[in-house]
$ cat protein20.csv   # CSV, C-alpha atoms and all ligand atoms
chain,number,residue,atom,x,y,z
A,639,MET,CA,159.2,154.6,28.7
A,640,GLU,CA,156.4,152.1,29.2
A,641,LYS,CA,152.9,152.9,28.3
A,642,LYS,CA,151.4,152.8,31.8
A,643,LEU,CA,154.0,155.3,33.1
A,644,LYS,CA,153.3,157.6,30.2
A,645,GLY,CA,149.5,157.4,30.8
A,646,LEU,CA,149.9,158.2,34.4
A,647,LEU,CA,152.1,161.2,33.7
A,648,ALA,CA,149.6,162.5,31.1
A,649,LYS,CA,146.8,162.1,33.7
A,650,LEU,CA,148.8,163.8,36.4
A,651,TYR,CA,149.5,166.7,34.0
A,652,ARG,CA,145.9,167.0,33.0
A,653,LYS,CA,144.2,166.6,36.5
A,654,ASN,CA,146.9,167.6,38.9
A,655,PHE,CA,145.9,164.7,40.9
A,656,LEU,CA,146.6,160.9,41.2
A,657,GLU,CA,145.4,158.3,43.6
A,658,LYS,CA,147.9,156.8,46.1
A,659,PRO,CA,148.4,153.5,44.1
A,660,GLU,CA,149.1,155.6,41.0
A,661,LEU,CA,151.7,157.8,42.8
A,662,LEU,CA,153.2,154.7,44.3
A,663,TYR,CA,153.5,153.1,40.8
A,664,LEU,CA,155.3,156.2,39.5
A,665,LEU,CA,157.6,156.3,42.5
A,666,GLU,CA,158.5,152.6,42.1
A,667,ASN,CA,159.0,152.7,38.4
A,668,ILE,CA,160.3,156.0,37.2
A,669,THR,CA,164.0,156.4,36.9
A,670,TYR,CA,165.8,159.7,36.7
A,671,ARG,CA,167.2,158.9,33.2
A,672,ASP,CA,163.8,158.1,32.0
A,673,ALA,CA,162.0,161.1,33.6
A,674,GLY,CA,162.3,163.5,30.7
A,675,LEU,CA,158.6,163.5,30.1
A,676,LEU,CA,157.8,164.1,33.8
A,677,PHE,CA,160.2,167.0,33.9
A,678,ALA,CA,158.7,168.5,30.7
A,679,TYR,CA,155.2,168.3,32.1
A,680,ALA,CA,156.5,169.9,35.4
A,681,ARG,CA,158.1,172.8,33.5
A,682,LYS,CA,155.1,173.4,31.3
A,683,THR,CA,153.0,173.5,34.5
A,684,ARG,CA,155.2,176.1,36.2
A,685,VAL,CA,155.3,178.2,33.0
A,686,LYS,CA,151.5,178.5,33.0
A,687,THR,CA,151.6,180.3,36.4
A,688,TYR,CA,155.0,181.7,37.0
A,689,GLN,CA,156.4,181.8,33.4
A,690,ARG,CA,160.1,181.3,33.4
A,691,LYS,CA,160.6,183.4,36.6
A,692,VAL,CA,162.9,182.3,39.4
A,693,TYR,CA,162.5,184.1,42.7
A,694,LEU,CA,165.3,184.6,45.1
A,695,ARG,CA,165.2,184.5,48.9
A,696,SER,CA,168.1,185.6,51.2
A,697,VAL,CA,168.4,183.3,54.2
A,698,VAL,CA,169.9,184.7,57.4
A,699,GLU,CA,170.5,182.1,60.1
A,700,PHE,CA,170.3,184.2,63.2
A,701,SER,CA,170.6,181.6,66.0
A,702,ASN,CA,171.8,178.0,66.1
A,703,HIS,CA,170.5,177.4,69.6
A,704,CYS,CA,167.8,174.7,69.6
A,705,ARG,CA,165.7,173.1,72.2
A,706,ASN,CA,165.0,170.1,70.0
A,707,ASN,CA,167.1,167.0,69.4
A,708,CYS,CA,166.3,165.8,65.9
A,709,TRP,CA,168.3,162.7,64.9
A,710,TYR,CA,169.5,164.2,61.6
A,711,CYS,CA,170.2,167.8,62.5
A,712,GLY,CA,173.7,169.0,63.4
A,713,ILE,CA,172.4,171.8,65.6
A,714,ARG,CA,170.4,169.4,67.8
A,715,ARG,CA,170.4,170.1,71.5
A,716,GLU,CA,172.8,167.3,72.4
A,717,ASN,CA,175.5,168.1,70.0
A,718,LYS,CA,178.0,169.6,72.4
A,719,LYS,CA,180.5,170.3,69.6
A,720,VAL,CA,178.5,173.1,68.1
A,721,GLU,CA,179.7,176.6,68.9
A,722,ARG,CA,176.4,178.3,69.6
A,723,TYR,CA,175.7,181.8,68.6
A,724,ARG,CA,172.9,184.4,68.6
A,725,LEU,CA,172.9,187.4,66.3
A,726,PRO,CA,171.7,190.5,68.0
A,727,PRO,CA,168.9,192.4,66.3
A,728,GLU,CA,171.4,195.1,65.0
A,729,THR,CA,173.4,192.4,63.2
A,730,ILE,CA,170.3,190.8,61.7
A,731,LEU,CA,169.2,194.3,60.5
A,732,ALA,CA,172.7,194.8,59.0
A,733,CYS,CA,172.2,191.5,57.0
A,734,CYS,CA,168.9,192.8,55.9
A,735,ALA,CA,170.4,196.0,54.7
A,736,SER,CA,173.0,194.1,52.7
A,737,ALA,CA,170.3,191.8,51.2
A,738,TYR,CA,168.1,194.8,50.4
A,739,GLN,CA,171.0,196.7,48.7
A,740,ALA,CA,171.9,193.6,46.7
A,741,GLY,CA,168.3,193.6,45.4
A,742,TYR,CA,166.7,190.8,47.5
A,743,ARG,CA,163.1,191.4,48.3
A,744,THR,CA,162.6,188.5,50.7
A,745,ILE,CA,164.5,187.9,53.8
A,746,VAL,CA,164.2,184.5,55.5
A,747,LEU,CA,164.9,184.6,59.2
A,748,GLN,CA,165.9,181.1,60.2
A,749,SER,CA,166.9,179.7,63.5
A,750,GLY,CA,166.8,176.7,65.8
A,751,GLU,CA,163.9,176.7,68.3
A,752,ASP,CA,165.4,179.3,70.5
A,753,GLU,CA,163.2,180.9,73.1
A,754,PHE,CA,165.6,183.7,73.6
A,755,TYR,CA,163.9,185.5,70.8
A,756,THR,CA,160.5,186.2,72.3
A,757,ALA,CA,157.5,187.4,70.4
A,758,ALA,CA,158.3,190.9,71.6
A,759,VAL,CA,161.9,190.8,70.3
A,760,LEU,CA,160.9,189.3,67.0
A,761,ALA,CA,157.9,191.6,66.5
A,762,ASP,CA,160.1,194.6,67.1
A,763,LEU,CA,162.7,193.2,64.6
A,764,ILE,CA,160.0,192.5,62.0
A,765,GLN,CA,158.5,196.0,62.4
A,766,THR,CA,161.9,197.6,62.0
A,767,ILE,CA,162.6,195.6,58.8
A,768,LYS,CA,159.2,196.6,57.4
A,769,ARG,CA,159.8,200.2,58.2
A,770,GLU,CA,163.4,200.5,57.0
A,771,TYR,CA,163.2,198.3,54.0
A,772,PRO,CA,159.9,198.9,52.3
A,773,GLY,CA,158.8,196.2,50.0
A,774,MET,CA,160.9,193.5,51.7
A,775,ALA,CA,158.9,190.3,52.4
A,776,VAL,CA,159.7,188.7,55.7
A,777,THR,CA,159.7,184.9,56.0
A,778,LEU,CA,160.1,183.2,59.3
A,779,SER,CA,161.6,179.7,59.8
A,780,ILE,CA,161.9,179.4,63.6
A,781,GLY,CA,160.0,176.3,64.4
A,782,GLU,CA,157.0,175.5,66.6
A,783,ALA,CA,155.4,178.2,68.8
A,784,SER,CA,152.1,179.0,70.3
A,785,ARG,CA,149.3,180.4,68.1
A,786,GLU,CA,149.5,183.6,70.1
A,787,LYS,CA,153.2,184.0,69.2
A,788,TYR,CA,152.5,183.3,65.5
A,789,TYR,CA,149.7,185.8,65.6
A,790,ARG,CA,151.8,188.5,67.1
A,791,LEU,CA,154.5,187.9,64.4
A,792,TYR,CA,151.9,188.1,61.7
A,793,GLN,CA,150.5,191.3,63.1
A,794,ALA,CA,154.0,192.7,63.3
A,795,GLY,CA,154.2,192.3,59.5
A,796,ALA,CA,155.7,188.9,58.8
A,797,ASP,CA,154.4,187.5,55.5
A,798,ARG,CA,155.4,183.9,55.3
A,799,PHE,CA,156.4,181.0,57.5
A,800,LEU,CA,158.3,177.8,56.7
A,801,LEU,CA,157.7,174.8,59.0
A,802,ARG,CA,158.6,171.6,57.3
A,803,HIS,CA,156.5,168.7,58.7
A,804,GLU,CA,159.6,166.6,58.1
A,805,THR,CA,157.7,163.3,57.6
A,806,ILE,CA,154.0,162.4,57.6
A,807,ALA,CA,154.8,158.9,58.9
A,808,THR,CA,154.0,158.9,62.6
A,809,ASP,CA,156.4,156.2,63.6
A,810,LEU,CA,159.3,157.8,61.7
A,811,TYR,CA,158.3,161.2,63.0
A,812,GLU,CA,158.4,160.0,66.6
A,813,ARG,CA,161.7,158.0,66.1
A,814,TYR,CA,163.6,161.0,64.7
A,815,HIS,CA,162.1,163.8,66.8
A,816,PRO,CA,162.3,162.7,70.4
A,817,GLY,CA,159.8,164.5,72.6
A,818,MET,CA,158.0,165.9,69.6
A,819,ASN,CA,154.7,165.0,68.1
A,820,LEU,CA,153.4,165.0,64.6
A,821,GLN,CA,149.9,166.1,65.5
A,822,GLN,CA,151.3,169.2,67.2
A,823,ARG,CA,153.4,169.9,64.2
A,824,LEU,CA,150.4,169.7,61.9
A,825,GLN,CA,148.4,171.8,64.3
A,826,CYS,CA,151.1,174.5,64.0
A,827,LEU,CA,150.9,174.4,60.2
A,828,LYS,CA,147.2,174.6,60.3
A,829,GLU,CA,147.3,177.6,62.6
A,830,LEU,CA,149.9,179.4,60.5
A,831,LYS,CA,147.7,179.0,57.5
A,832,GLU,CA,144.6,180.2,59.4
A,833,ILE,CA,146.3,183.2,60.8
A,834,GLY,CA,147.2,184.3,57.2
A,835,PHE,CA,150.8,183.4,56.6
A,836,GLN,CA,151.9,182.1,53.2
A,837,THR,CA,152.8,178.8,54.7
A,838,GLY,CA,155.5,176.3,53.8
A,839,ALA,CA,155.6,172.6,54.6
A,840,GLY,CA,157.9,169.8,53.4
A,841,PHE,CA,159.8,166.7,54.2
A,842,ILE,CA,163.3,165.1,54.2
A,843,VAL,CA,164.0,162.7,51.4
A,844,GLY,CA,165.9,159.5,52.4
A,845,LEU,CA,165.2,159.2,56.1
A,846,PRO,CA,166.1,155.6,57.0
A,847,GLY,CA,162.9,153.6,56.9
A,848,GLN,CA,161.2,155.9,54.4
A,849,THR,CA,159.5,153.7,51.7
A,850,ASN,CA,158.0,154.7,48.5
A,851,GLU,CA,154.6,154.1,50.1
A,852,ILE,CA,155.5,156.8,52.7
A,853,LEU,CA,156.6,159.1,49.9
A,854,ALA,CA,153.3,158.6,48.2
A,855,GLU,CA,151.7,159.6,51.5
A,856,GLU,CA,153.9,162.7,51.7
A,857,LEU,CA,152.7,163.7,48.3
A,858,LEU,CA,149.0,163.1,49.2
A,859,PHE,CA,149.4,165.1,52.5
A,860,LEU,CA,150.9,168.0,50.5
A,861,THR,CA,148.1,167.8,48.0
A,862,GLU,CA,145.5,167.9,50.7
A,863,PHE,CA,147.1,170.5,52.9
A,864,SER,CA,148.0,172.6,49.9
A,865,PRO,CA,150.7,174.8,51.3
A,866,ASP,CA,151.8,177.9,49.5
A,867,MET,CA,155.4,176.7,49.6
A,868,VAL,CA,157.0,173.3,49.8
A,869,GLY,CA,160.6,172.7,50.8
A,870,ILE,CA,162.1,169.2,50.4
A,871,GLY,CA,165.7,168.1,50.4
A,872,PRO,CA,167.8,164.9,50.7
A,873,LEU,CA,169.1,163.8,54.1
A,874,ILE,CA,172.8,164.8,54.5
A,875,PRO,CA,174.1,162.8,57.4
A,876,HIS,CA,175.9,164.8,60.0
A,877,PRO,CA,178.6,162.9,61.9
A,878,GLU,CA,177.7,164.3,65.3
A,879,THR,CA,174.1,163.0,65.1
A,880,PRO,CA,172.4,159.6,65.5
A,881,LEU,CA,171.9,159.4,61.7
A,882,GLY,CA,175.6,160.3,61.1
A,883,LYS,CA,176.3,156.9,59.5
A,884,SER,CA,173.2,156.7,57.4
A,885,PRO,CA,173.4,157.0,53.6
A,886,ALA,CA,172.6,160.4,52.1
A,887,GLY,CA,169.3,160.9,50.5
A,888,SER,CA,169.2,160.8,46.7
A,889,VAL,CA,169.3,164.0,44.7
A,890,GLU,CA,167.7,162.3,41.8
A,891,LYS,CA,164.8,161.0,43.9
A,892,THR,CA,164.5,164.5,45.3
A,893,VAL,CA,164.3,166.0,41.8
A,894,ILE,CA,161.7,163.5,40.7
A,895,LEU,CA,159.7,164.4,43.8
A,896,LEU,CA,160.0,168.1,43.0
A,897,ALA,CA,158.5,167.5,39.6
A,898,LEU,CA,155.6,165.5,41.1
A,899,ILE,CA,155.0,168.2,43.7
A,900,ARG,CA,154.9,170.8,40.9
A,901,LEU,CA,152.3,168.7,39.1
A,902,LEU,CA,150.2,168.1,42.2
A,903,LEU,CA,150.3,171.7,43.3
A,904,PRO,CA,150.7,173.7,40.1
A,905,GLU,CA,150.9,177.1,41.9
A,906,VAL,CA,153.2,176.2,44.7
A,907,LEU,CA,156.4,178.2,45.4
A,908,LEU,CA,158.9,175.4,45.1
A,909,PRO,CA,162.6,176.0,46.0
A,910,VAL,CA,165.6,174.0,45.0
A,911,THR,CA,166.8,173.7,48.6
A,912,THR,CA,170.3,174.2,49.9
A,913,ALA,CA,170.7,170.5,50.6
A,914,VAL,CA,170.2,169.7,46.9
A,915,ASN,CA,172.7,172.3,45.9
A,916,THR,CA,175.1,171.0,48.5
A,917,LEU,CA,175.1,167.4,47.3
A,918,ASP,CA,175.2,168.3,43.6
A,919,LYS,CA,176.9,171.3,42.0
A,920,TYR,CA,174.2,171.3,39.3
A,921,GLY,CA,171.5,171.1,42.0
A,922,TRP,CA,169.9,174.4,41.1
A,923,GLU,CA,169.8,173.6,37.4
A,924,LYS,CA,168.4,170.1,37.9
A,925,GLY,CA,165.7,171.5,40.3
A,926,LEU,CA,164.7,174.3,38.0
A,927,ALA,CA,164.5,171.9,35.1
A,928,ALA,CA,162.0,169.8,37.2
A,929,GLY,CA,159.6,172.6,38.0
A,930,ALA,CA,161.2,174.4,40.9
A,931,ASN,CA,160.9,178.2,40.8
A,932,VAL,CA,162.7,179.5,43.8
A,933,ILE,CA,166.3,179.5,45.0
A,934,MET,CA,167.3,180.4,48.5
A,935,PRO,CA,171.0,181.4,48.8
A,936,VAL,CA,172.2,181.4,52.4
A,937,VAL,CA,173.7,184.8,52.8
A,938,SER,CA,174.4,184.8,56.6
A,939,PRO,CA,177.7,186.2,57.6
A,940,ALA,CA,180.4,183.6,56.8
A,941,GLU,CA,181.1,183.0,60.5
A,942,CYS,CA,177.5,182.0,61.2
A,943,ARG,CA,177.3,179.9,58.1
A,944,ARG,CA,180.2,177.8,59.5
A,945,LYS,CA,178.4,177.4,62.8
A,946,TYR,CA,174.9,176.8,61.5
A,947,GLU,CA,175.9,173.4,60.5
A,948,ILE,CA,172.7,171.3,60.2
A,949,TYR,CA,174.9,169.2,57.8
A,950,LYS,CA,178.5,169.3,56.6
A,951,ASN,CA,179.7,171.5,53.7
A,952,LYS,CA,176.4,173.4,53.5
A,953,ALA,CA,176.4,175.6,50.5
A,954,GLY,CA,176.4,179.4,51.0
A,955,VAL,CA,177.0,182.5,49.0
A,956,ASP,CA,177.9,186.1,49.4
A,957,TYR,CA,175.7,189.0,48.6
A,958,ALA,CA,178.1,189.8,45.8
A,959,ALA,CA,177.4,186.5,44.1
A,960,LEU,CA,174.2,187.7,42.6
A,961,PRO,CA,175.6,188.1,39.0
A,962,GLU,CA,176.8,184.5,39.2
A,963,ILE,CA,173.4,183.3,40.4
A,964,LYS,CA,171.8,185.2,37.5
A,965,LYS,CA,174.1,183.6,35.0
A,966,ARG,CA,173.4,180.1,36.3
A,967,VAL,CA,169.6,180.7,36.2
A,968,GLU,CA,169.8,182.2,32.7
A,969,ASN,CA,172.0,179.4,31.4
A,970,ALA,CA,169.4,177.0,32.7
A,971,GLY,CA,166.8,178.8,30.5
A,972,PHE,CA,165.1,180.8,33.2
A,973,GLU,CA,165.1,184.4,34.3
A,974,LEU,CA,165.8,185.9,37.7
A,975,ASP,CA,162.9,187.9,39.1
A,976,MET,CA,163.9,190.2,41.9
A,977,SER,CA,160.4,191.1,43.0
A,978,ARG,CA,159.0,189.7,46.3
A,979,GLY,CA,157.8,186.5,44.6
A,980,ASP,CA,154.6,185.9,46.5
A,981,HIS,CA,152.3,183.0,45.9
A,982,CYS,CA,150.2,183.9,42.8
A,983,LYS,CA,146.9,183.6,44.7
A,984,ARG,CA,147.9,185.2,48.0
A,985,LEU,CA,147.2,188.7,48.9
A,986,ARG,CA,147.9,189.5,52.5
A,987,PRO,CA,144.7,188.6,54.3
A,988,ALA,CA,143.7,190.2,57.6
A,989,ALA,CA,144.8,188.1,60.5
A,990,ILE,CA,142.4,185.6,62.1
A,991,ILE,CA,143.2,184.8,65.7
A,1001,LIG,N1,170.1,166.8,56.1
A,1001,LIG,C1,169.1,167.3,55.4
A,1001,LIG,N2,168.2,168.2,55.8
A,1001,LIG,C2,168.3,168.6,57.1
A,1001,LIG,N3,167.5,169.4,57.8
A,1001,LIG,C3,168.0,169.5,59.1
A,1001,LIG,N4,169.1,168.7,59.2
A,1001,LIG,C4,169.3,168.1,58.0
A,1001,LIG,C5,170.2,167.2,57.4
A,1001,LIG,N5,171.2,166.7,58.2
A,1001,LIG,C6,166.4,170.1,57.3
A,1001,LIG,C7,165.1,169.9,58.0
A,1001,LIG,C8,164.8,171.3,58.5
A,1001,LIG,C9,165.5,172.2,57.5
A,1001,LIG,C10,165.8,173.6,58.0
A,1001,LIG,O1,166.6,171.5,57.2
A,1001,LIG,O2,164.1,169.5,57.2
A,1001,LIG,O3,163.4,171.6,58.6
$ encode --input "protein20.csv" --output "structure tokens"
Amino acid sequence: MEKKLKGLLAKLYRKNFLEKPELLYLLENITYRDAGLLFAYARKTRVKTYQRKVYLRSVVEFSNHCRNNCWYCGIRRENKKVERYRLPPETILACCASAYQAGYRTIVLQSGEDEFYTAAVLADLIQTIKREYPGMAVTLSIGEASREKYYRLYQAGADRFLLRHETIATDLYERYHPGMNLQQRLQCLKELKEIGFQTGAGFIVGLPGQTNEILAEELLFLTEFSPDMVGIGPLIPHPETPLGKSPAGSVEKTVILLALIRLLLPEVLLPVTTAVNTLDKYGWEKGLAAGANVIMPVVSPAECRRKYEIYKNKAGVDYAALPEIKKRVENAGFELDMSRGDHCKRLRPAAII
């Protein structure tokens, strides 16, 4: 590896910060084969805070109805080929029971932007989960909503909220999210954080038109916003979408970005996302070796997994797969931690409206 790259990596490890031209230089010049030092720094950084622990989240996709029309997403409004479904609260609770019994202590409730689930319905569901499954953290991943709705969900007991910003480049954001607006997305993120949620942002790797310069801006945005969680994943083109014929995003680039994010945000909760694990059967191992510390198996009922097709062949597992997951994590040199796995600095603050 050339001297300049080595120097930049050492500086990044020491300072947890680089200027944009420095990040750009890294993104332009580092290759996956040559990224051993980057990954070693990223692992050392995660060990300082989270030791070798890997946290687990169980994801339940409770509705694939969506009012949005994102160009990459298989459950976009205009995809008429999707069989739409909504899980009734009882079924969601049954998923929660299975997850709890299997030992999961975080449930991620994920859906399209579906207004069928009002604040009242969701608040009731969250309260029931909190009552019936003590110690279970509840993460929401349900898209944009009003501050008031977010507040009610937090008051009901939800702990965390994932809302990827998808891309920080205004022109790309507007092109791929018709009728949506980046400022509004960022406003939602800001409000979630203010209200008190452990908040997750993140972007898609390999959107057509995404340059290394934009990726450097993604990294700077994350550094500045400093979310508690960051989810990134490669684009997986879905045939029934406008980006159906685009090339897939690169797993290797994604893994390099994971390592950079770990170094820029040493304490962040950083999952190896399902998209990485879908494109690469060693996705988890590669992500963990690059500083990721969370895995998020999709444990929705098999029937839902089939219909919640944001991209093809999305990886999913059964509740029973836990021993296998454990084996993979341990073989990769890490240990499964079945506690809630909160952000190391976050105690639950009182809500601010
Ligand atoms: N490929 C990769 N990621 C996708 N997402 C949605 N569709 C795709 C796709 N085709 C991501 C978005 C969204 C998250 C739940 O999944 O970033 O926020």
$ closest_residue --input "protein20.csv" --among "A:Gly773, A:Gly817, A:Gly882, A:Gly847" --to "ligand LIG 1001 (chain A)" --atoms "all atoms listed in the file"
A:Gly882
$ closest_residue --input "protein20.csv" --among "A:Gly921, A:Pro865, A:Pro880, A:Gly929" --to "ligand LIG 1001 (chain A)" --atoms "only C-alpha atoms and all ligand atoms"
A:Pro880
$ closest_residue --input "protein20.csv" --among "A:Leu926, A:Val843, A:Cys982, A:Cys942" --to "Val692 in chain A" --atoms "only C-alpha atoms"
A:Leu926
$ residues_near_ligand --input "protein20.csv" --ligand "ligand LIG 1001 (chain A)" --cutoff "7 Å" --atoms "all atoms listed in the file" --output "MDAnalysis selection string"
chainID A and resid 710:712 801:802 804 841:842 871:876 913 948:949
$ write_last_selection --input "protein20.csv" --atoms "C-alpha atoms" --output "mmCIF file, keeping the file's coordinate frame"
data_model
loop_
_atom_site.group_PDB
_atom_site.id
_atom_site.type_symbol
_atom_site.label_atom_id
_atom_site.label_comp_id
_atom_site.auth_asym_id
_atom_site.auth_seq_id
_atom_site.Cartn_x
_atom_site.Cartn_y
_atom_site.Cartn_z
ATOM 1 C CA TYR A 710 169.500 164.200 61.600
ATOM 2 C CA CYS A 711 170.200 167.800 62.500
ATOM 3 C CA GLY A 712 173.700 169.000 63.400
ATOM 4 C CA LEU A 801 157.700 174.800 59.000
ATOM 5 C CA ARG A 802 158.600 171.600 57.300
ATOM 6 C CA GLU A 804 159.600 166.600 58.100
ATOM 7 C CA PHE A 841 159.800 166.700 54.200
ATOM 8 C CA ILE A 842 163.300 165.100 54.200
ATOM 9 C CA GLY A 871 165.700 168.100 50.400
ATOM 10 C CA PRO A 872 167.800 164.900 50.700
ATOM 11 C CA LEU A 873 169.100 163.800 54.100
ATOM 12 C CA ILE A 874 172.800 164.800 54.500
ATOM 13 C CA PRO A 875 174.100 162.800 57.400
ATOM 14 C CA HIS A 876 175.900 164.800 60.000
ATOM 15 C CA ALA A 913 170.700 170.500 50.600
ATOM 16 C CA ILE A 948 172.700 171.300 60.200
ATOM 17 C CA TYR A 949 174.900 169.200 57.800
#
$ closest_residue --input "protein20.csv" --among "A:Glu962, A:Asp797, A:Glu947, A:Glu751" --to "Gly979 in chain A" --atoms "all atoms listed in the file"
A:Asp797
$ residues_around --input "protein20.csv" --residues "Tyr811 in chain A" --least-positions-apart "3" --cutoff "12 Å" --atoms "all atoms listed in the file" --output "JSON list (two decimals) with C-alpha atoms, keeping the file's coordinate frame"
[["chain", "number", "residue", "atom", "x", "y", "z"],
["A", 708, "CYS", "CA", 166.30, 165.80, 65.90],
["A", 709, "TRP", "CA", 168.30, 162.70, 64.90],
["A", 710, "TYR", "CA", 169.50, 164.20, 61.60],
["A", 802, "ARG", "CA", 158.60, 171.60, 57.30],
["A", 803, "HIS", "CA", 156.50, 168.70, 58.70],
["A", 804, "GLU", "CA", 159.60, 166.60, 58.10],
["A", 805, "THR", "CA", 157.70, 163.30, 57.60],
["A", 806, "ILE", "CA", 154.00, 162.40, 57.60],
["A", 807, "ALA", "CA", 154.80, 158.90, 58.90],
["A", 808, "THR", "CA", 154.00, 158.90, 62.60],
["A", 814, "TYR", "CA", 163.60, 161.00, 64.70],
["A", 815, "HIS", "CA", 162.10, 163.80, 66.80],
["A", 816, "PRO", "CA", 162.30, 162.70, 70.40],
["A", 817, "GLY", "CA", 159.80, 164.50, 72.60],
["A", 818, "MET", "CA", 158.00, 165.90, 69.60],
["A", 819, "ASN", "CA", 154.70, 165.00, 68.10],
["A", 820, "LEU", "CA", 153.40, 165.00, 64.60],
["A", 821, "GLN", "CA", 149.90, 166.10, 65.50],
["A", 822, "GLN", "CA", 151.30, 169.20, 67.20],
["A", 823, "ARG", "CA", 153.40, 169.90, 64.20],
["A", 824, "LEU", "CA", 150.40, 169.70, 61.90],
["A", 841, "PHE", "CA", 159.80, 166.70, 54.20],
["A", 842, "ILE", "CA", 163.30, 165.10, 54.20],
["A", 845, "LEU", "CA", 165.20, 159.20, 56.10],
["A", 846, "PRO", "CA", 166.10, 155.60, 57.00],
["A", 847, "GLY", "CA", 162.90, 153.60, 56.90],
["A", 848, "GLN", "CA", 161.20, 155.90, 54.40],
["A", 852, "ILE", "CA", 155.50, 156.80, 52.70]]
$ atom_distance --input "protein20.csv" --atom1 "CA of Gly844 in chain A" --atom2 "CA of Leu901 in chain A"
21.1 Å
$ closest_residue --input "protein20.csv" --among "A:Cys704, A:Val697, A:Gly795, A:Lys964" --to "Gly781 in chain A" --atoms "only C-alpha atoms"
A:Cys704
$ closest_residue --input "protein20.csv" --among "A:Leu974, A:Val914, A:Ala928, A:Val955" --to "Lys682 in chain A" --atoms "all atoms listed in the file"
A:Ala928
$ atom_distance --input "protein20.csv" --atom1 "CA of Arg695 in chain A" --atom2 "CA of Met976 in chain A"
9.1 Å
$ atom_distance --input "protein20.csv" --atom1 "CA of Phe859 in chain A" --atom2 "CA of Arg900 in chain A"
14.0 Å
